[in-house]
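Listing of start-v2.txt, compact mmCIF, C-alpha atoms
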```
# COMPACT_ATOMS: atom_id res chain seq x y z
CA MET A 1225 19.54 24.08 -4.75
CA ASP A 1226 23.10 23.17 -3.78
CA ALA A 1227 24.64 19.70 -4.05
CA THR A 1228 23.70 18.74 -0.49
CA GLY A 1229 20.12 19.90 -1.04
CA ARG A 1230 19.84 17.88 -4.26
CA ARG A 1231 21.10 14.74 -2.57
CA PHE A 1232 18.80 15.17 0.42
CA THR A 1233 15.76 15.82 -1.77
CA GLY A 1234 16.63 12.97 -4.12
CA ALA A 1235 17.05 10.50 -1.26
CA LEU A 1236 13.79 11.66 0.31
CA ALA A 1237 11.92 11.21 -2.99
CA LEU A 1238 13.20 7.64 -3.31
CA ILE A 1239 12.36 6.77 0.29
CA VAL A 1240 8.83 8.10 -0.04
CA GLY A 1241 8.38 6.52 -3.48
CA GLY A 1242 9.48 3.04 -2.47
CA SER A 1243 7.78 3.06 0.93
CA GLN A 1244 4.41 4.30 -0.27
CA TYR A 1245 4.44 1.73 -3.07
CA LEU A 1246 4.91 -1.21 -0.69
CA VAL A 1247 2.42 0.16 1.86
CA LEU A 1248 -0.35 0.98 -0.63
CA GLU A 1249 0.10 -2.35 -2.42
CA ALA A 1250 -0.28 -4.17 0.91
CA VAL A 1251 -3.34 -2.08 1.81
CA ALA A 1252 -5.01 -2.76 -1.54
CA ALA A 1253 -4.21 -6.48 -1.29
CA ALA A 1254 -5.57 -6.70 2.28
CA ALA A 1255 -8.87 -5.13 1.19
CA TRP A 1256 -9.32 -7.80 -1.51
CA THR A 1257 -11.08 -10.62 0.34
CA ASP A 1258 -13.48 -12.24 -2.15
CA PRO A 1259 -11.55 -14.26 -3.12
CA HIS A 1260 -8.41 -13.39 -1.15
CA TYR A 1261 -5.71 -11.72 -3.19
CA ASP A 1262 -2.87 -14.10 -4.01
CA TYR A 1263 0.59 -12.51 -4.14
CA ALA A 1264 1.95 -15.59 -5.88
CA GLY A 1265 -0.71 -15.99 -8.54
CA ASN A 1266 -2.31 -12.59 -9.10
CA TYR A 1267 -0.62 -9.87 -11.09
CA ILE A 1268 0.14 -6.56 -9.42
CA SER A 1269 -2.03 -4.81 -11.99
CA ASP A 1270 -5.03 -6.85 -10.81
CA LEU A 1271 -5.01 -4.61 -7.72
CA GLY A 1272 -5.69 -1.58 -9.92
CA VAL A 1273 -8.90 -2.84 -11.55
CA PRO A 1274 -11.85 -1.08 -9.87
CA VAL A 1275 -14.66 -3.34 -11.15
CA ALA A 1276 -15.04 -6.95 -9.96
CA GLN A 1277 -14.84 -9.30 -12.94
CA LEU A 1278 -13.28 -12.37 -14.44
CA TYR A 1279 -10.27 -11.08 -16.36
CA ARG A 1280 -8.21 -13.46 -18.48
CA GLY A 1281 -9.16 -16.37 -16.27
CA ARG A 1282 -8.43 -14.57 -13.00
CA ASP A 1283 -11.00 -13.38 -10.44
CA VAL A 1284 -10.31 -9.67 -10.12
CA ASN A 1285 -11.91 -7.80 -7.24
CA SER A 1286 -9.98 -4.81 -5.86
CA PRO A 1287 -12.10 -2.59 -3.58
CA LEU A 1288 -9.17 -0.18 -3.13
CA ALA A 1289 -8.02 -0.01 -6.74
CA TRP A 1290 -7.50 3.74 -6.31
CA ALA A 1291 -4.81 3.03 -3.71
CA MET A 1292 -2.82 0.78 -6.05
CA ASN A 1293 -3.18 3.14 -8.98
CA SER A 1294 -2.04 6.04 -6.80
CA ALA A 1295 0.97 3.96 -5.78
CA PHE A 1296 1.86 3.36 -9.44
CA VAL A 1297 1.71 7.06 -10.30
CA LEU A 1298 3.62 8.19 -7.20
CA GLN A 1299 6.28 5.54 -7.75
CA GLY A 1300 6.83 6.69 -11.31
CA VAL A 1301 7.02 10.38 -10.46
CA LEU A 1302 9.16 10.03 -7.32
CA PHE A 1303 11.57 7.49 -8.82
CA ALA A 1304 12.16 9.75 -11.82
CA LEU A 1305 12.57 12.83 -9.60
CA GLY A 1306 14.82 11.20 -7.03
CA THR A 1307 17.05 9.44 -9.55
CA ALA A 1308 17.35 12.61 -11.65
CA LEU A 1309 18.51 14.61 -8.63
CA LEU A 1310 21.04 11.94 -7.67
CA ALA A 1311 22.33 11.45 -11.22
CA VAL A 1312 24.71 14.29 -10.36
CA LEU A 1313 26.88 11.57 -8.79
CA PHE A 1314 27.68 10.39 -12.30
CA ALA A 1315 29.09 12.05 -15.39
CA GLY A 1316 28.85 11.98 -19.18
CA VAL A 1317 27.07 9.13 -20.90
CA ALA A 1318 26.26 7.37 -17.64
CA ARG A 1319 24.40 10.39 -16.28
CA ARG A 1320 22.42 10.87 -19.48
CA ALA A 1321 21.51 7.18 -19.63
CA ILE A 1322 20.34 7.21 -16.00
CA LEU A 1323 18.23 10.32 -16.62
CA TRP A 1324 16.58 8.89 -19.73
CA PHE A 1325 15.88 5.45 -18.25
CA ALA A 1326 14.53 6.97 -15.01
CA ALA A 1327 12.27 9.32 -16.96
CA LEU A 1328 10.93 6.48 -19.09
CA HIS A 1329 10.34 4.39 -15.98
CA GLY A 1330 8.34 7.29 -14.58
CA VAL A 1331 6.25 7.68 -17.72
CA GLY A 1332 5.60 3.94 -17.83
CA PHE A 1333 4.35 3.72 -14.26
CA VAL A 1334 2.16 6.80 -14.65
CA LEU A 1335 0.49 5.10 -17.64
CA VAL A 1336 -0.01 1.94 -15.56
CA GLY A 1337 -1.70 3.97 -12.84
CA LEU A 1338 -3.91 5.99 -15.16
CA PHE A 1339 -5.10 3.11 -17.37
CA ASP A 1340 -5.95 -0.17 -15.62
CA GLU A 1341 -5.40 -3.49 -17.38
CA ALA A 1342 -9.12 -4.15 -17.96
CA ALA A 1343 -10.16 -0.67 -19.10
CA GLY A 1344 -10.03 -1.44 -22.80
CA VAL A 1345 -6.75 0.43 -23.33
CA GLY A 1346 -4.45 -2.55 -23.02
CA PRO A 1347 -1.59 -1.13 -25.12
CA LEU A 1348 -1.31 1.90 -22.82
CA HIS A 1349 -1.36 -0.16 -19.64
CA HIS A 1350 0.75 -3.12 -20.72
CA GLY A 1351 3.09 -0.97 -22.79
CA GLY A 1352 3.57 1.33 -19.82
CA ALA A 1353 4.27 -1.65 -17.55
CA GLY A 1354 6.87 -3.03 -19.93
CA ILE A 1355 8.60 0.34 -20.26
CA ALA A 1356 8.53 0.90 -16.49
CA VAL A 1357 10.03 -2.47 -15.59
CA LEU A 1358 12.63 -2.54 -18.37
CA CYS A 1359 13.83 1.05 -18.04
CA GLY A 1360 13.77 1.07 -14.26
CA ASN A 1361 16.04 -1.96 -14.12
CA LEU A 1362 18.28 -0.57 -16.86
CA ALA A 1363 18.72 2.69 -14.92
CA ILE A 1364 19.84 0.65 -11.92
CA LEU A 1365 22.19 -1.42 -14.05
CA VAL A 1366 23.90 1.73 -15.36
CA VAL A 1367 24.38 2.89 -11.76
CA GLY A 1368 25.92 -0.47 -10.91
CA VAL A 1369 28.27 -0.60 -13.89
CA HIS A 1370 29.51 2.94 -13.30
CA GLY A 1371 29.24 2.87 -9.52
CA ALA A 1372 32.90 1.98 -9.04
CA ARG A 1373 33.86 5.31 -10.66
CA SER A 1374 31.69 7.30 -8.28
CA ALA A 1375 31.73 7.78 -4.53
CA LEU A 1376 29.27 4.93 -4.00
CA PRO A 1377 30.32 1.96 -1.82
CA ARG A 1378 31.54 -1.06 -3.74
CA TRP A 1379 28.91 -3.35 -2.17
CA PHE A 1380 26.20 -1.05 -3.45
CA ALA A 1381 27.66 -0.98 -6.96
CA VAL A 1382 27.68 -4.79 -7.00
CA THR A 1383 24.12 -4.90 -5.65
CA SER A 1384 23.08 -2.44 -8.36
CA VAL A 1385 24.17 -4.99 -10.95
CA LEU A 1386 22.75 -8.10 -9.27
CA LEU A 1387 19.29 -6.68 -8.51
CA PRO A 1388 18.33 -5.60 -12.05
CA VAL A 1389 19.80 -8.75 -13.59
CA ALA A 1390 17.71 -10.86 -11.21
CA GLY A 1391 14.68 -8.66 -11.89
CA LEU A 1392 14.94 -8.93 -15.66
CA LEU A 1393 15.54 -12.68 -15.47
CA SER A 1394 12.41 -12.97 -13.34
CA GLU A 1395 10.42 -11.14 -16.01
CA ALA A 1396 11.93 -13.38 -18.68
CA VAL A 1397 10.67 -16.43 -16.80
CA LEU A 1398 7.21 -14.82 -16.61
CA PHE A 1399 7.01 -14.32 -20.37
CA SER A 1400 8.71 -17.59 -21.31
CA SER A 1401 5.48 -19.53 -20.78
CA LEU A 1402 2.41 -19.11 -22.97
CA THR A 1403 0.11 -20.59 -20.31
CA PRO A 1404 -0.83 -19.04 -16.95
CA ASP A 1405 1.15 -20.29 -13.96
CA ARG A 1406 0.27 -20.12 -10.29
CA PHE A 1407 3.55 -18.30 -9.65
CA ASP A 1408 3.05 -15.57 -12.28
CA GLY A 1409 2.57 -12.99 -9.54
CA LEU A 1410 5.93 -13.83 -7.99
CA TRP A 1411 7.81 -13.71 -11.29
CA GLU A 1412 6.22 -10.36 -12.12
CA ARG A 1413 7.09 -8.97 -8.70
CA GLY A 1414 10.72 -9.96 -9.19
CA GLY A 1415 11.10 -7.32 -11.90
CA VAL A 1416 9.27 -4.64 -9.91
CA TYR A 1417 10.60 -5.28 -6.42
CA SER A 1418 14.17 -5.19 -7.72
CA ILE A 1419 13.50 -1.52 -8.49
CA VAL A 1420 11.72 -0.73 -5.23
CA VAL A 1421 14.33 -2.44 -3.05
CA TRP A 1422 17.11 -0.69 -4.91
CA GLU A 1423 15.62 2.79 -4.57
CA LEU A 1424 15.31 2.32 -0.81
CA LEU A 1425 18.92 1.09 -0.63
CA PHE A 1426 20.14 3.99 -2.78
CA ALA A 1427 18.34 6.48 -0.56
CA GLY A 1428 19.91 4.87 2.49
CA VAL A 1429 23.41 5.02 1.01
CA VAL A 1430 23.03 8.68 0.04
CA SER A 1431 21.55 9.56 3.45
CA ALA A 1432 24.42 7.79 5.22
CA GLY A 1433 26.89 9.77 3.13
CA LEU A 1434 25.20 13.04 4.04
CA ARG A 1435 25.29 12.15 7.74
CA ALA A 1436 28.97 11.25 7.53
CA ARG A 1437 29.79 14.56 5.82
CA ARG A 1438 27.79 16.49 8.42
CA THR A 1439 29.50 14.63 11.28
CA GLY A 1440 32.88 15.34 9.69
CA ARG A 1441 32.12 19.03 9.40
CA ILE A 1442 30.99 19.18 13.02
CA ALA A 1443 34.21 17.48 14.12
CA VAL A 1444 36.30 19.93 12.09
CA ASP A 1445 34.42 22.90 13.50
CA ALA A 1446 34.88 21.56 17.03
CA ARG A 1447 38.64 21.22 16.54
CA SER A 1448 38.93 24.66 15.01
CA THR A 1449 37.13 26.29 17.94
CA GLY A 1450 38.69 24.14 20.64
```
For the structure just supplied, provide its representation as structure tokens.
Amino acid sequence: MDATGRRFTGALALIVGGSQYLVLEAVAAAAWTDPHYDYAGNYISDLGVPVAQLYRGRDVNSPLAWAMNSAFVLQGVLFALGTALLAVLFAGVARRAILWFAALHGVGFVLVGLFDEAAGVGPLHHGGAGIAVLCGNLAILVVGVHGARSALPRWFAVTSVLLPVAGLLSEAVLFSSLTPDRFDGLWERGGVYSIVVWELLFAGVVSAGLRARRTGRIAVDARSTG
């Protein structure tokens, strides 16, 4: 696969990964009606528990748990694949760091999807979630710090610093309290959505670059044959 093919495939993987995650999460949440799923108070992982129960003080009832767990697995695999293909935009230590963090993010989310929070394998689920959120945001941060040395737009490099910092701070707020809070779901989402939003933005930036290169080549060919 040539450089253009890698960029196209990487961007496509990120678009599909981020989009399916948001869609399947919304579908799973909409199916949860007794009681209604609360984006602000319920954890994302609550959507992946297939058996109705009272779990750690929260009513958990996700009829479409398979949809959320599929979203976790696909997000992990596609983020790792897409970011790995696009890591070619970077060099040396930055590229290796991006590859490692993206791979760990992928492994973490696959664990989250395979082992739900109430299945009696808490360390696998919660450990996977921690790895996924931390390493996903760190991969983005590396892109932001080294973005100025690549062909990426400056605004995107700045965004790639601000998003993971905000995401990690959101997670810090979540874990700073020892008692449940009615906004726990929002704080948790801050650390996950920072990754999803970024992967969609990254895919858009790469796709725009490919279109610009293609348009430039067409213009050159037109002049040369005119």
One-decimal distance in Å that lies between atom CA of Gly1306 of chain A and atom CA of Phe1339 of chain A: 23.9 Å
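Relative to atom CA of Arg1231 of chain A, atom CA of Gly1391 of chain A is found at 26.0 Å.
Proximity of A:Thr1307, A:Asn1361, A:Asn1266, A:Ser1418 to Arg1282 of chain A, computed with all atoms listed in the file, is greatest for A:Asn1266.
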Quick one: residues within 12 Å of Leu1376 of chain A, all atoms listed in the file counted, chain neighbours fewer than 4 positions away excluded, as a PyMOL selection string? chain A and resi 1310-1311+1313-1314+1367-1372+1380-1384+1425-1433
Output for the residues just chosen: C-alpha atoms as a short mmCIF file (atom, residue, chain, number, x, y, z; two decimals), keeping the file's coordinate frame:
```cif
data_model
loop_
_atom_site.label_atom_id
_atom_site.label_comp_id
_atom_site.auth_asym_id
_atom_site.auth_seq_id
_atom_site.Cartn_x
_atom_site.Cartn_y
_atom_site.Cartn_z
CA LEU A 1310 21.04 11.94 -7.67
CA ALA A 1311 22.33 11.45 -11.22
CA LEU A 1313 26.88 11.57 -8.79
CA PHE A 1314 27.68 10.39 -12.30
CA VAL A 1367 24.38 2.89 -11.76
CA GLY A 1368 25.92 -0.47 -10.91
CA VAL A 1369 28.27 -0.60 -13.89
CA HIS A 1370 29.51 2.94 -13.30
CA GLY A 1371 29.24 2.87 -9.52
CA ALA A 1372 32.90 1.98 -9.04
CA PHE A 1380 26.20 -1.05 -3.45
CA ALA A 1381 27.66 -0.98 -6.96
CA VAL A 1382 27.68 -4.79 -7.00
CA THR A 1383 24.12 -4.90 -5.65
CA SER A 1384 23.08 -2.44 -8.36
CA LEU A 1425 18.92 1.09 -0.63
CA PHE A 1426 20.14 3.99 -2.78
CA ALA A 1427 18.34 6.48 -0.56
CA GLY A 1428 19.91 4.87 2.49
CA VAL A 1429 23.41 5.02 1.01
CA VAL A 1430 23.03 8.68 0.04
CA SER A 1431 21.55 9.56 3.45
CA ALA A 1432 24.42 7.79 5.22
CA GLY A 1433 26.89 9.77 3.13
#
```
Which of these, A:Ala1250, A:Leu1298, A:Val1357, A:Leu1434, has the shortest distance to Leu1338 of chain A once you count all atoms listed in the file? A:Leu1298
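When the distance limit is 12 Å and only C-alpha atoms are what count, the residues near Asp1405 of chain A, minus those fewer than 3 positions from it on the same chain, are Ala1264, Gly1265, Asn1266, Tyr1267, Gly1281, Arg1282, Val1397, Leu1398, Phe1399, Ser1400, Ser1401, Leu1402, Asp1408, Gly1409, Leu1410, Trp1411 and Glu1412 of chain A.
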One-decimal distance in Å that lies between atom CA of Leu1362 of chain A and atom CA of Leu1305 of chain A: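 Atom CA of Leu1362 of chain A lies 16.3 Å from atom CA of Leu1305 of chain A.
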A:Glu1395, A:Glu1423, A:Asp1262, A:Glu1249: which is nearest Leu1288 of chain A, counting only C-alpha atoms?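 Among the listed residues, A:Glu1249 lies closest to Leu1288 of chain A.
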Judged by only C-alpha atoms, the minimum distance to Ala1227 of chain A among A:Phe1407, A:Cys1359, A:Val1312, A:Ala1327 is found for A:Val1312
With only C-alpha atoms as the atoms that count, which of A:Val1389, A:Leu1238, A:Val1334, A:Leu1248 lies nearest to Trp1290 of chain A?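 Among the listed residues, A:Leu1248 lies closest to Trp1290 of chain A.
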Among the residues A:Trp1324, A:Phe1232, A:Tyr1245, A:Tyr1261, the one that comes closest to Ile1419 of chain A [using all atoms listed in the file]: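 Selected residue with least distance to Ile1419 of chain A: A:Tyr1245.
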Taking 5 positions as the minimum chain separation for residues in the same chain, which residues sit within 10 Å of Gly1351 of chain A when counting all atoms listed in the file? Answer as a PDB file with C-alpha atoms, keeping the file's coordinate frame.
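Just written: out-v3.pdb:
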```pdb
ATOM      1  CA  GLY A1332       5.600   3.940 -17.830  1.00  0.00           C
ATOM      2  CA  PHE A1333       4.350   3.720 -14.260  1.00  0.00           C
ATOM      3  CA  LEU A1335       0.490   5.100 -17.640  1.00  0.00           C
ATOM      4  CA  VAL A1336      -0.010   1.940 -15.560  1.00  0.00           C
ATOM      5  CA  VAL A1345      -6.750   0.430 -23.330  1.00  0.00           C
ATOM      6  CA  GLY A1346      -4.450  -2.550 -23.020  1.00  0.00           C
ATOM      7  CA  ALA A1356       8.530   0.900 -16.490  1.00  0.00           C
TER       8      ALA A1356
END
```
